[in-house]
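**Q** I'd like to ask you about the structure that follows.
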Amino acid sequence: MDPAPLTAKIIAAFPDMPAQLQTAARYVLESPDDVALLSMREQARRAGVQPATMTRLAKRLGLAGYDDIRDLYAQAIREGGLSFAGKAGAQVASQKAKGEQALAAEMVVSLTAQISRLGEPEALERLSRAATLLASAHRIYCLGLRSSHPVAWHMTYVLSLLGEKAVLLDAVAGVGADPIRMATDKDALFAVSVAPYTRATIDIARYARTQGIPIVAITDSAVSPLAQVARIAVLVSTEGPSFFHAITPAFVVGEILAALVAGQGGEASLQALRRTEDQLTAFNIHWSPQDDRRT
């Protein structure tokens with residue numbers, strides 16, 4: 001079964017649809033999960049059309065009623081979720097209908113809203129507690145695979161400037177998870193994963209939980225498999241106009257936590273940073289205007 005059941009049919013029929021049907025069709029393309037989970041009336045409200053328009057859309061697509069559309073998308077979720085390919089079809093249709101600049105603007109608005117929600121009191125409280133847990137750890141084992149890898153890598157890099165506090169659990173040569181065997185309850189695991197969750201990340205986090213290692217997680221749901229084993233889970237949104245889940249909010253959380261952990265290090269962090277700067281200067285790591293004057 002096509003994981004986004006009606007994408008191809010909607011794209012083919014879209015140019016000849018009346019404006020209201022196009023609005024409803026665009027909603028179906030852009031919000032496939034909502035199609036499966038929300039009532040027709042609620043979907044019509046969110047799409048900005050009358051409920052009867054949703055029914056007319058179904059009939060335009062050769063179905064008896066809108067419940068048939070909902071059933072198709074619900075089945076797709078039961079069979080493993082709506083795929084990147086299915087969501088890409090929705091993006092292609094939206095991009096053609098609205099234009100490149102409109103899609104880019106939607107992405108900017110969406111990401112801005114997601115990042116703004118990190119400033120809400122509950123999110124800030126979680127960030128503060130997560131930073132305190134990480135700052136108190138002897139070592140921080142950082143884990144993020146596939147699209148989540150940049151978050152874990154950046155956390156490791158920033159904390160490496162402060163000394164030997166961070167250990168990256170990478171996937172190179174299949175031995176990346178091995179250092180976790182040395183972790184104790186005095187350490188912490190910083191783990192990142194959003195749907196579709198990377199199996200290895202979940203397996204390593206569950207192992208860490210059995211060893212009594214406290215876990216700080218960045219994930220997208222309070223019921224995600226990573227949140228279920230974490231002592232503190234910082235939740236981020238990943239939805240957006242793109243076919244691919246947004247990773248920017250998770251990256252922002254990682255940057256915030258790295259900064260807060262560094263700040264809690266006090267004088268020790270400052271001394272470590274001075275040693276780092278001395279080494280970078282000795283190896284002439286960073287470009288300066290003097291480089292151009294030498295050539």
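Residues in the structure tokens are numbered from 1 in each chain, the chains being A, B, ... in the order shown, and ligands are numbered from 1 in the order shown.
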Please provide the set of residues having any atom within 8 Å of A:Met54, restricted to only C-alpha atoms, with same-chain residues fewer than 5 positions apart removed, written as a ChimeraX atom specification.

**A** /A:21,24,40,44,49,66

**Q** For stretch 200-204 of chain A, find every residue with an atom within 8 Å (counting only C-alpha atoms), except residues of its own chain fewer than 3 positions away, and show them as a VMD selection string.

**A** chain A and resid 143 to 145 177 191 to 193 197 207 to 208 225 to 226

**Q** Tell me, which residues of stretch 122-200 of chain A carry DSSP helix (DSSP H, G or I), written as number ranges by chain?

**A** A: 122-136, 146-160, 172-174, 178-182, 199-200

**Q** Could you work out how far atom CA of A:Ser221 lies from atom CA of A:Tyr157, giving the answer in Å with one decimal?

**A**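 Computed distance, atom CA of A:Tyr157 to atom CA of A:Ser221, equals 26.4 Å.
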
**Q** Find the distance between atom CA of A:Leu273 and atom CA of A:Leu162 and write it in Å to one decimal.

**A**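 The value is 5.7 Å.
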
**Q** Counting only C-alpha atoms, figure out which residue out of A:Pro32, A:Gly65, A:Ile115, A:Gln20 gets nearest to A:Thr248.

**A** A:Ile115

**Q** In stretch 13-170 of chain A, what's strand (DSSP E or B) per DSSP? Answer as a list in words?

**A**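 Put together, the selection reads Ile140, Tyr141, Cys142, Leu143, Gly144, Ala166, Val167, Leu168 and Leu169 of chain A.
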
**Q** Just the number, please: distance in Å from atom CA of A:Lys165 to atom CA of A:Ile285, one decimal.

**A**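 Computing the Euclidean distance for atom CA of A:Lys165 and atom CA of A:Ile285 yields 22.1 Å.
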
**Q** Can you tell me, as an MDAnalysis selection string, what residues are no more than 12 Å from A:Asp71 when counting only C-alpha atoms, ignoring any on the same chain fewer than 3 positions away?

**A** chainID A and resid 4:6 32:40 58 63:68 74:78

**Q** Could you name the residues that touch A:Ser237 at 9 Å or less, counting only C-alpha atoms, but leaving out those on the same chain fewer than 6 positions away, as a VMD selection string?

**A** chain A and resid 111 114 to 115 219 to 221 245 to 247 249 to 250
